[in-house]
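Worksheet: one structure, shown below.
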Amino acid sequence: MAFITAKKHQQVARFNTTLLASAFALALPATATADQQNTATQNDTQLDAVVVTADAVEAKYKAEKASSTKLTQPLVNTPQTLVVVKKELFQQQAATTLSDTLRNTPGITMLMGENGNTATGDSIFMRGFDTQGSIFVDGIRDLGTISRDTFNTEQVEIAKGPAGADNGRGSSSGYINLSSKQATQEEFTTGNLTLGSGSHKRATVDLNRQLSDTSAIRVNLLKQDSGVVDRDEVEDDKTGIATSLALGLGTTTRAYLNLFHVDQKNLPDGGIPTVGLEGYYNAAFDADSSTNFPNGGPNAGKTLAPVDTSNFYGSKNDFDDVKATMVTAKIEHDLSDKTTIRNTSRFGQSTQDYLLTGVNAITTTTGTGAAAVAIADPADWTISRSRQGKDQQNQILTNQTQLTTSVEVAGLTHDISSGIEFIYESQRNNTLALPAGTTQVAANLYNPSTDDAFVNPVHTGASTDGSTLTSGIYLLDTIHLNEQWQLNASARFEHYKTETDIVTIQGTSTPQNIPVGTKLGSAVEASDNLASYKLGALYKPAANGSVYLSYATSQLPPGGANFTLSTTANNINNPNLDPQKGTNLELGTKWDLLDNKLAVTAAVFESTNENEIATDPDGTALQVGERQVRGIELGVVGAITSAWQISAGAAYMDSEISRGNQAGTNPTDGGVIQWTPEVTFTLWNTYELPIGLTLGGGVRYVDTVSRSSSTTLNLAKTSVVEVPEYWVVDAMASYPVTPYVDVQLNVYNLLDEEYMSALNNGGSRYYLGTPRSFRLGVNVQF
């Protein structure tokens with residue numbers, strides 16, 4: 001939430017003082033003329049000159065730089081599409097999670113999961129590629145499939161296009177970085193209490209205190225106890241604390257010690273059946289069906305009603321318990337006014353215990369083949385359910401040393417960021433499964449019971465334990481040829497070693513040489529060297545603008561996304577395969593307008609991912625697959641006037657699987673990339689009236705999204721093949737009731753648009769977009 005404080009009253013006071021000073025200044029010449037001779041002969045005290053200046057325009061949404069010290073240049077001089085969402089923006093929207101915050105940039109969609117499995121956490125798809133494994137906190141990779149809260153976030157940075165030179169291995173889409181709040185020398189206390197639809201209750205505190213002239217401590221607290229709008233039983237509860245201790249502030253040597261801990265206890269949502277929605281297909285309503293009804297569907301021509309969107313198909317005993325802890329120590333020393341050395345160490349750990357009731361196939365018939373008989377009344381139809389469990393632990397241990405400097409070499413200025421990094425990352429998954437021979441009770445499709453008894457999955461003894469050890473060195477150099485031209489050259493070289501230990505349980509086989517239930521262990525490892533680079537040329541036709549051309553690469557080796565190697569020959573995580581390679585060619589321009597208060601950006605790009613698995617016409621699987629996204633992205637962020645703030649972005653993406661599967665029942669060669677909308681648009685703006693009332697609103701548009709890349713999909717007999725396009729309008733109003741307290745009202749989905757926010761790969765279930773709902777908050781700052 002936006003903290004509208006005594007600052008507004010100070011602005012009004014400054015405005016009134018300026019008016020009085022202006023009137024006084026205008027009266028001075030007349031007074032001086034009338035008394036000119038007297039003042040010439042008398043030695044009276046003279047008044048100081050009155051200088052009248054207008055209040056500076058504050059661009060609340062506009063950032064000047066990214067938080068990463070690897071990126072030495074201001075955003076206007078950075079040759080890459082880099083979107084920064086500041087806390088002032090997402091607080092005004094009452095956005096509390098990373099996924100909510102990312103709605104402020106175009107070209108991003110959210111995933112639901114594979115068929116019967118449900119994705120968890122920030123499942124992000126950006127520019128045609130899965131980006132869940134490329135989320136960073138303060139420049140260090142954040143592990144785990146968890147949802148991230150923004151209570152301790154200063155700004156969110158979205159770097160688009162492969163950026164291996166910045167962070168090492170990664171996807172072709174780019175990466176997302178959350179910049180954490182740090183202790184400063186400024187003393188303040190802010191707090192927020194919000195209540196809203198869906199039993200939403202949330203409180204946060206942000207307190208910063210000086211301990212001495214050179215030290216400070218900052219504490220951020222979070223408590224949330226919420227449901228989900230229009231969803232029965234689903235819960236979203238979390239508790240968090242983040243502390244930052246800073247020593248040596250304002251001196252040449254500074255040290256920071258940060259602690260972060262979040263505990264989530266959620267009741268997860270398995271989704272809603274897509275029955276009755278636009279594009280839904282069921283053979284029981286198909287007169288030409290020959291699968292279940294050889295003589296024609298007995299319900300042909302009838303319409304099928306959608307289910308109540310508040311229906312919950314799971315168990316009250318489902319849970320999603322997450323604990324995440326990070327301890328970070330950073331020391332930085334200024335060797336000179338142009339050279340700084342930094343050392344950062346972090347230990348991070350997250351655990352996720354998860355149990356969810358999955359929504360699966362609908363039962364519409366009894367019998368099989370010609371004897372199949374439709375259940376006459378769909379009110380008696382049932383839906384099968386499964387129990388999905390996850391027991392996952394992630395760890396990261398890293399030490400990173402960086403040197404930033406600006407030097408003159410051969411008459412040219414070089415802004416250099418260089419460093420060495422050692423990173424250990426691991427992930428362990430303990431397998432859960434239902435006891436042999438057990439099944440789950442089906443639910444009535446239209447009237448599910450929440451009191452059904454379920455069989456819980458248990459630990460089988462099987463597990464997958466993977467880790468990656470990386471040693472990397474990098475150099476990023478910005479060369480200033482003159483006032484108008486600069487060159488950027490970046491490179492990163494790293495050696496990695498990934499090890500995966502797998503324990504499986506022997507099942508039945510013929511012949512049964514190994515007893516059923518025996519634990520079988522196997523180990524797979526891979527190691528290699530990776531090299532990534534980034535090149536850019538930037539021309540400044542004016543001091544406030546730039547035109548650039550850049551080319552960047554990244555690599556994602558086998559096991560690079562989840563530390564799990566595979567011995568299967570055609571699996572992309574087989575250690576004998578080459579890394580996937582991403583490239584991005586981009587031509588863009590950036591301008592800081594209106595006295596540098598409004599940033600305007602435009603870029604055309606072509607992103608490519610190579611070395612994917614694809615089949616030849618004869619079915620042979622080879623590492624020749626390729627995906628490509630070409631597009632345009634536009635952005636505007638900043639202040640148009642002192643009262644009018646804006647953040648907007650639009651993207652057009654033409655996606656294609658340029659070399660895909662040419663064999664099988666669902667060839668993908670030449671198909672579109674799933675979950676990649678062609679057009680997306682986002683806008684948020686606010687206007688502050690002279691009385692202190694701030695009114696704001698925004699709109700988001702997401703074009704049609706395909707769930708399948710198949711080029712031969714039978715659309716007439718395939719259920720829900722796409723997520724329909726949608727527009728969503730949001731609004732807010734805030735008012736300072738005292739110099740220290742303001743109230744804020746947010747209205748989501750003002751027009752109550754019904755839309756899918758995510759769809760599963762099979763098209764059988766979806767997440768509902770947030771219906772019209774409200775949040776009322778009180779913000780305090782002193």
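Ligands are numbered from 1 in the order shown, residues from 1 within each chain, and chains are lettered A, B, ... in the order they appear in the structure tokens.
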
Surrounding residues of region 532-540 of chain A excluding itself and chain neighbours under 4 positions, 8 Å, only C-alpha atoms, as a tab-separated table (two decimals) with N, CA, C and O atoms, in the first residue's frame:
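Result file follows (part-v3.tsv):
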```tsv
chain	number	residue	atom	x	y	z
A	77	ASN	N	20.73	4.14	-19.84
A	77	ASN	CA	21.95	3.78	-20.57
A	77	ASN	C	22.26	2.29	-20.49
A	77	ASN	O	23.38	1.88	-20.78
A	79	PRO	N	21.64	-1.25	-22.13
A	79	PRO	CA	21.14	-1.77	-23.42
A	79	PRO	C	20.41	-3.10	-23.27
A	79	PRO	O	20.83	-4.14	-23.78
A	163	ALA	N	20.40	-13.76	-19.84
A	163	ALA	CA	21.37	-12.92	-19.14
A	163	ALA	C	22.38	-13.78	-18.41
A	163	ALA	O	22.61	-13.62	-17.21
A	164	GLY	N	22.97	-14.74	-19.12
A	164	GLY	CA	23.95	-15.61	-18.51
A	164	GLY	C	25.16	-14.87	-18.00
A	164	GLY	O	25.79	-15.28	-17.02
A	165	ALA	N	25.50	-13.75	-18.64
A	165	ALA	CA	26.65	-12.96	-18.18
A	165	ALA	C	26.39	-12.34	-16.82
A	165	ALA	O	27.34	-12.06	-16.08
A	168	GLY	N	24.81	-16.39	-14.62
A	168	GLY	CA	25.13	-17.78	-14.91
A	168	GLY	C	23.98	-18.51	-15.57
A	168	GLY	O	23.16	-17.90	-16.26
A	483	GLU	N	31.05	11.28	-25.38
A	483	GLU	CA	29.80	11.62	-24.71
A	483	GLU	C	28.59	10.98	-25.37
A	483	GLU	O	27.53	10.87	-24.75
A	484	GLN	N	28.74	10.54	-26.60
A	484	GLN	CA	27.60	10.01	-27.32
A	484	GLN	C	27.62	8.50	-27.50
A	484	GLN	O	26.57	7.89	-27.70
A	485	TRP	N	28.78	7.88	-27.45
A	485	TRP	CA	28.88	6.45	-27.74
A	485	TRP	C	29.44	5.68	-26.55
A	485	TRP	O	30.39	6.13	-25.90
A	486	GLN	N	28.84	4.52	-26.30
A	486	GLN	CA	29.41	3.61	-25.33
A	486	GLN	C	29.24	2.17	-25.81
A	486	GLN	O	28.27	1.84	-26.51
A	487	LEU	N	30.18	1.34	-25.46
A	487	LEU	CA	30.14	-0.08	-25.78
A	487	LEU	C	30.04	-0.87	-24.49
A	487	LEU	O	30.64	-0.51	-23.47
A	488	ASN	N	29.27	-1.95	-24.53
A	488	ASN	CA	29.13	-2.84	-23.38
A	488	ASN	C	29.60	-4.22	-23.77
A	488	ASN	O	29.16	-4.78	-24.78
A	489	ALA	N	30.49	-4.78	-22.97
A	489	ALA	CA	30.99	-6.13	-23.20
A	489	ALA	C	31.01	-6.86	-21.87
A	489	ALA	O	31.62	-6.39	-20.91
A	490	SER	N	30.30	-7.98	-21.80
A	490	SER	CA	30.22	-8.75	-20.56
A	490	SER	C	30.45	-10.22	-20.88
A	490	SER	O	30.02	-10.71	-21.93
A	491	ALA	N	31.10	-10.90	-19.95
A	491	ALA	CA	31.35	-12.33	-20.14
A	491	ALA	C	31.38	-13.00	-18.78
A	491	ALA	O	31.79	-12.41	-17.77
A	492	ARG	N	30.92	-14.24	-18.76
A	492	ARG	CA	30.96	-15.05	-17.55
A	492	ARG	C	31.38	-16.46	-17.92
A	492	ARG	O	30.86	-17.05	-18.87
A	493	PHE	N	32.33	-16.99	-17.16
A	493	PHE	CA	32.79	-18.36	-17.34
A	493	PHE	C	32.57	-19.09	-16.01
A	493	PHE	O	32.91	-18.56	-14.95
A	544	ASN	N	19.59	12.84	-22.40
A	544	ASN	CA	18.48	12.15	-21.73
A	544	ASN	C	17.93	10.97	-22.51
A	544	ASN	O	16.86	10.45	-22.18
A	545	GLY	N	18.64	10.53	-23.56
A	545	GLY	CA	18.11	9.44	-24.37
A	545	GLY	C	19.20	8.55	-24.92
A	545	GLY	O	20.38	8.90	-24.91
A	546	SER	N	18.80	7.36	-25.39
A	546	SER	CA	19.76	6.44	-25.97
A	546	SER	C	19.07	5.56	-27.01
A	546	SER	O	17.86	5.32	-26.95
A	547	VAL	N	19.87	5.07	-27.95
A	547	VAL	CA	19.47	4.06	-28.92
A	547	VAL	C	20.51	2.96	-28.84
A	547	VAL	O	21.72	3.24	-28.84
A	548	TYR	N	20.08	1.69	-28.75
A	548	TYR	CA	21.04	0.63	-28.52
A	548	TYR	C	20.73	-0.61	-29.35
A	548	TYR	O	19.60	-0.83	-29.78
A	549	LEU	N	21.78	-1.39	-29.56
A	549	LEU	CA	21.68	-2.71	-30.18
A	549	LEU	C	22.46	-3.66	-29.29
A	549	LEU	O	23.62	-3.39	-28.96
A	550	SER	N	21.83	-4.77	-28.89
A	550	SER	CA	22.51	-5.69	-27.98
A	550	SER	C	22.26	-7.14	-28.40
A	550	SER	O	21.28	-7.46	-29.07
A	551	TYR	N	23.18	-7.98	-27.96
A	551	TYR	CA	23.08	-9.42	-28.21
A	551	TYR	C	23.55	-10.12	-26.95
A	551	TYR	O	24.63	-9.82	-26.42
A	552	ALA	N	22.73	-11.06	-26.44
A	552	ALA	CA	23.06	-11.72	-25.18
A	552	ALA	C	22.80	-13.21	-25.30
A	552	ALA	O	21.97	-13.66	-26.09
A	553	THR	N	23.52	-14.00	-24.48
A	553	THR	CA	23.38	-15.45	-24.50
A	553	THR	C	23.22	-15.98	-23.08
A	553	THR	O	23.56	-15.31	-22.10
A	554	SER	N	22.72	-17.20	-23.00
A	554	SER	CA	22.68	-17.93	-21.73
A	554	SER	C	22.71	-19.41	-22.04
A	554	SER	O	22.44	-19.82	-23.18
A	555	GLN	N	23.02	-20.22	-21.03
A	555	GLN	CA	23.04	-21.67	-21.19
A	555	GLN	C	22.35	-22.32	-19.99
A	555	GLN	O	22.48	-21.84	-18.85
```

Contacts of region 730-733 of chain A at 10 Å (only C-alpha atoms; same-chain gap of 4+ positions) as a ChimeraX atom specification: /A:92-94,683-688,693-700,743-752,772-776

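For the atom pair formed by CA of Phe454 (chain A) and CA of Gly198 (chain A), the distance is 26.5 Å, given to one decimal.
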
Show which residues sit within 9 Å of region 140-149 of chain A, as a short mmCIF file (atom, residue, chain, number, x, y, z; two decimals) with C-alpha atoms, in the first residue's frame. Count only C-alpha atoms, and ignore same-chain residues fewer than 3 positions away.
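Listed below is the output, out35.cif:
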```
data_model
loop_
_atom_site.label_atom_id
_atom_site.label_comp_id
_atom_site.auth_asym_id
_atom_site.auth_seq_id
_atom_site.Cartn_x
_atom_site.Cartn_y
_atom_site.Cartn_z
CA THR A 96 1.32 -8.56 -1.66
CA THR A 97 2.99 -11.32 -3.70
CA LEU A 98 5.57 -11.49 -6.44
CA SER A 99 2.97 -12.87 -8.85
CA ALA A 119 2.14 -26.20 -9.83
CA THR A 120 2.94 -24.38 -6.60
CA GLY A 121 4.42 -20.99 -5.86
CA ASP A 122 5.47 -18.38 -8.40
CA SER A 123 4.97 -20.45 -11.54
CA GLN A 132 10.35 -20.25 -12.20
CA GLY A 133 13.98 -21.34 -11.81
CA SER A 134 15.35 -17.85 -12.53
CA ILE A 135 14.09 -15.91 -9.51
CA PHE A 136 16.73 -14.08 -7.44
CA VAL A 137 16.82 -12.17 -4.15
CA ASN A 152 10.43 -6.96 2.67
CA THR A 153 10.86 -5.92 -0.97
CA ASN A 167 23.91 -14.65 -13.19
CA ASN A 177 15.24 -10.09 -8.94
CA GLY A 240 7.25 -13.18 8.44
CA VAL A 262 8.70 -16.64 6.49
CA VAL A 322 6.37 -23.54 3.76
CA ALA A 324 11.96 -20.17 4.23
CA ARG A 346 24.40 -16.29 2.23
CA GLY A 348 19.33 -20.08 2.63
CA GLN A 349 16.97 -22.94 3.25
CA SER A 350 13.34 -23.61 2.39
CA THR A 351 11.10 -26.57 3.12
CA GLN A 352 7.73 -27.37 1.62
CA GLN A 392 10.92 -30.91 -0.60
CA GLN A 393 13.93 -29.19 0.94
CA ASN A 394 16.14 -26.65 -0.82
CA GLN A 395 19.42 -25.16 0.33
CA ILE A 396 21.88 -22.61 -0.99
CA THR A 398 27.27 -18.97 -1.53
CA GLU A 425 22.64 -25.44 -4.37
CA SER A 426 20.69 -28.55 -3.48
CA GLN A 427 17.18 -29.96 -3.62
#
```

Backbone-only DSSP, strand (DSSP E) members of region 373-600 of chain A, as a PyMOL selection string: chain A and resi 373-374+382-409+412-433+443-444+458-480+485-505+519-542+545-556+580-593+598-600

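Between CA of Tyr175 (chain A) and CA of Ser418 (chain A) the separation is 19.6 Å.
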
Picked from region 94-128 of chain A by DSSP as helix (DSSP H, G or I), as a short mmCIF file (atom, residue, chain, number, x, y, z; two decimals) with all heavy atoms, in the first residue's frame:
```cif
data_model
loop_
_atom_site.label_atom_id
_atom_site.label_comp_id
_atom_site.auth_asym_id
_atom_site.auth_seq_id
_atom_site.Cartn_x
_atom_site.Cartn_y
_atom_site.Cartn_z
N LEU A 98 4.80 -11.72 -5.22
CA LEU A 98 5.57 -11.49 -6.44
C LEU A 98 4.69 -11.65 -7.66
O LEU A 98 4.77 -10.85 -8.60
CB LEU A 98 6.74 -12.47 -6.49
CG LEU A 98 7.57 -12.46 -7.78
CD1 LEU A 98 8.19 -11.10 -8.02
CD2 LEU A 98 8.63 -13.55 -7.75
N SER A 99 3.83 -12.65 -7.69
CA SER A 99 2.97 -12.87 -8.85
C SER A 99 2.06 -11.68 -9.09
O SER A 99 1.84 -11.27 -10.25
CB SER A 99 2.14 -14.14 -8.65
OG SER A 99 2.97 -15.29 -8.59
N ASP A 100 1.51 -11.08 -8.03
CA ASP A 100 0.67 -9.89 -8.19
C ASP A 100 1.48 -8.72 -8.73
O ASP A 100 1.03 -7.97 -9.59
CB ASP A 100 0.05 -9.50 -6.85
CG ASP A 100 -1.02 -10.47 -6.39
OD1 ASP A 100 -1.53 -11.23 -7.23
OD2 ASP A 100 -1.33 -10.47 -5.18
N THR A 101 2.70 -8.56 -8.24
CA THR A 101 3.54 -7.44 -8.65
C THR A 101 3.92 -7.53 -10.12
O THR A 101 4.01 -6.51 -10.82
CB THR A 101 4.81 -7.41 -7.78
OG1 THR A 101 4.44 -7.28 -6.41
CG2 THR A 101 5.71 -6.25 -8.17
N LEU A 102 4.10 -8.74 -10.62
CA LEU A 102 4.52 -8.92 -12.01
C LEU A 102 3.43 -8.57 -13.01
O LEU A 102 3.68 -8.52 -14.21
CB LEU A 102 4.97 -10.36 -12.23
CG LEU A 102 6.27 -10.75 -11.51
CD1 LEU A 102 6.58 -12.22 -11.70
CD2 LEU A 102 7.44 -9.89 -11.97
N ARG A 103 2.21 -8.28 -12.54
CA ARG A 103 1.17 -7.82 -13.44
C ARG A 103 1.47 -6.43 -13.99
O ARG A 103 0.79 -5.96 -14.90
CB ARG A 103 -0.17 -7.80 -12.72
CG ARG A 103 -0.68 -9.19 -12.35
CD ARG A 103 -1.90 -9.12 -11.46
NE ARG A 103 -2.39 -10.45 -11.10
CZ ARG A 103 -3.27 -10.68 -10.14
NH1 ARG A 103 -3.76 -9.68 -9.45
NH2 ARG A 103 -3.66 -11.91 -9.87
N ASN A 104 2.49 -5.77 -13.45
CA ASN A 104 2.85 -4.43 -13.91
C ASN A 104 3.83 -4.45 -15.07
O ASN A 104 4.33 -3.39 -15.47
CB ASN A 104 3.45 -3.64 -12.75
CG ASN A 104 2.41 -3.29 -11.70
OD1 ASN A 104 1.52 -2.48 -11.94
ND2 ASN A 104 2.51 -3.91 -10.54
#
```

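For Glu408 (chain A), the set of protein, DNA and RNA residues having any atom at most 12 Å away, when counting only C-alpha atoms and skipping those fewer than 2 positions along the same chain, is Lys338, Thr405, Ser406, Ala410, Gly411, Leu412, Thr413, His414, Asp415, Ile416, Thr478, Ile479, His480 and Leu481 of chain A.
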
Output file for the residues above (C-alpha atoms, as a short mmCIF file (atom, residue, chain, number, x, y, z; two decimals), in the first residue's frame):
```cif
data_model
loop_
_atom_site.label_atom_id
_atom_site.label_comp_id
_atom_site.auth_asym_id
_atom_site.auth_seq_id
_atom_site.Cartn_x
_atom_site.Cartn_y
_atom_site.Cartn_z
CA LYS A 338 35.76 5.19 -7.82
CA THR A 405 35.69 0.50 -10.49
CA SER A 406 35.92 3.29 -13.02
CA ALA A 410 44.09 4.90 -23.33
CA GLY A 411 41.93 7.97 -22.90
CA LEU A 412 38.71 5.94 -22.53
CA THR A 413 36.62 5.56 -19.38
CA HIS A 414 35.81 1.98 -18.36
CA ASP A 415 33.09 1.27 -15.78
CA ILE A 416 33.92 -2.25 -14.67
CA THR A 478 31.05 -0.32 -20.11
CA ILE A 479 33.41 1.62 -22.35
CA HIS A 480 32.66 5.32 -22.85
CA LEU A 481 34.09 6.18 -26.27
#
```

Distance of CA of Ala569 (chain A) from CA of Thr518 (chain A), expressed in Å to one decimal place: 24.9 Å

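Closest approach to Leu335 (chain A) among A:Thr498, A:Thr404, A:Gln623, A:Asn761: A:Thr404, based on only C-alpha atoms.
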
Residues at most 8 Å from Gln224 (chain A), counting only C-alpha atoms, excluding those fewer than 5 positions away in the same chain, as a PDB file with N, CA, C and O atoms, in the first residue's frame?
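part_15.pdb, written as the output of this step:
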```pdb
ATOM      1  N   HIS A 200      -9.900 -11.449   4.051  1.00  0.00           N
ATOM      2  CA  HIS A 200      -8.507 -11.009   4.000  1.00  0.00           C
ATOM      3  C   HIS A 200      -8.179 -10.142   5.208  1.00  0.00           C
ATOM      4  O   HIS A 200      -8.833  -9.131   5.466  1.00  0.00           O
ATOM      5  N   LYS A 201      -7.140 -10.529   5.939  1.00  0.00           N
ATOM      6  CA  LYS A 201      -6.648  -9.770   7.092  1.00  0.00           C
ATOM      7  C   LYS A 201      -5.125  -9.779   7.023  1.00  0.00           C
ATOM      8  O   LYS A 201      -4.502 -10.849   7.007  1.00  0.00           O
ATOM      9  N   ARG A 202      -4.540  -8.588   7.009  1.00  0.00           N
ATOM     10  CA  ARG A 202      -3.083  -8.493   6.840  1.00  0.00           C
ATOM     11  C   ARG A 202      -2.557  -7.272   7.594  1.00  0.00           C
ATOM     12  O   ARG A 202      -3.170  -6.192   7.546  1.00  0.00           O
ATOM     13  N   ALA A 203      -1.426  -7.466   8.270  1.00  0.00           N
ATOM     14  CA  ALA A 203      -0.773  -6.364   8.986  1.00  0.00           C
ATOM     15  C   ALA A 203       0.728  -6.436   8.729  1.00  0.00           C
ATOM     16  O   ALA A 203       1.326  -7.519   8.738  1.00  0.00           O
ATOM     17  N   ASP A 236      -4.810 -18.683   2.954  1.00  0.00           N
ATOM     18  CA  ASP A 236      -3.504 -18.102   2.619  1.00  0.00           C
ATOM     19  C   ASP A 236      -3.000 -17.383   3.864  1.00  0.00           C
ATOM     20  O   ASP A 236      -3.258 -16.201   4.058  1.00  0.00           O
ATOM     21  N   ASP A 237      -2.287 -18.111   4.709  1.00  0.00           N
ATOM     22  CA  ASP A 237      -1.835 -17.573   5.989  1.00  0.00           C
ATOM     23  C   ASP A 237      -0.319 -17.576   6.044  1.00  0.00           C
ATOM     24  O   ASP A 237       0.324 -18.559   5.638  1.00  0.00           O
ATOM     25  N   LYS A 238       0.247 -16.502   6.575  1.00  0.00           N
ATOM     26  CA  LYS A 238       1.703 -16.421   6.629  1.00  0.00           C
ATOM     27  C   LYS A 238       2.154 -15.484   7.746  1.00  0.00           C
ATOM     28  O   LYS A 238       1.451 -14.536   8.120  1.00  0.00           O
ATOM     29  N   THR A 239       3.350 -15.754   8.250  1.00  0.00           N
ATOM     30  CA  THR A 239       4.004 -14.922   9.249  1.00  0.00           C
ATOM     31  C   THR A 239       5.431 -14.695   8.789  1.00  0.00           C
ATOM     32  O   THR A 239       6.093 -15.633   8.319  1.00  0.00           O
TER      33      THR A 239
END
```

Long-range neighbours of Asn343 (chain A) as a count of residues only, 6 Å cut-off, only C-alpha atoms, 2 positions minimum in chain: 4

Contacts of region 668-678 of chain A at 10 Å (only C-alpha atoms; same-chain gap of 2+ positions) as a VMD selection string: chain A and resid 106 to 111 125 to 130 614 to 616 625 to 629 631 651 to 666 680 702 to 713 722 to 723 725 758 to 759 761
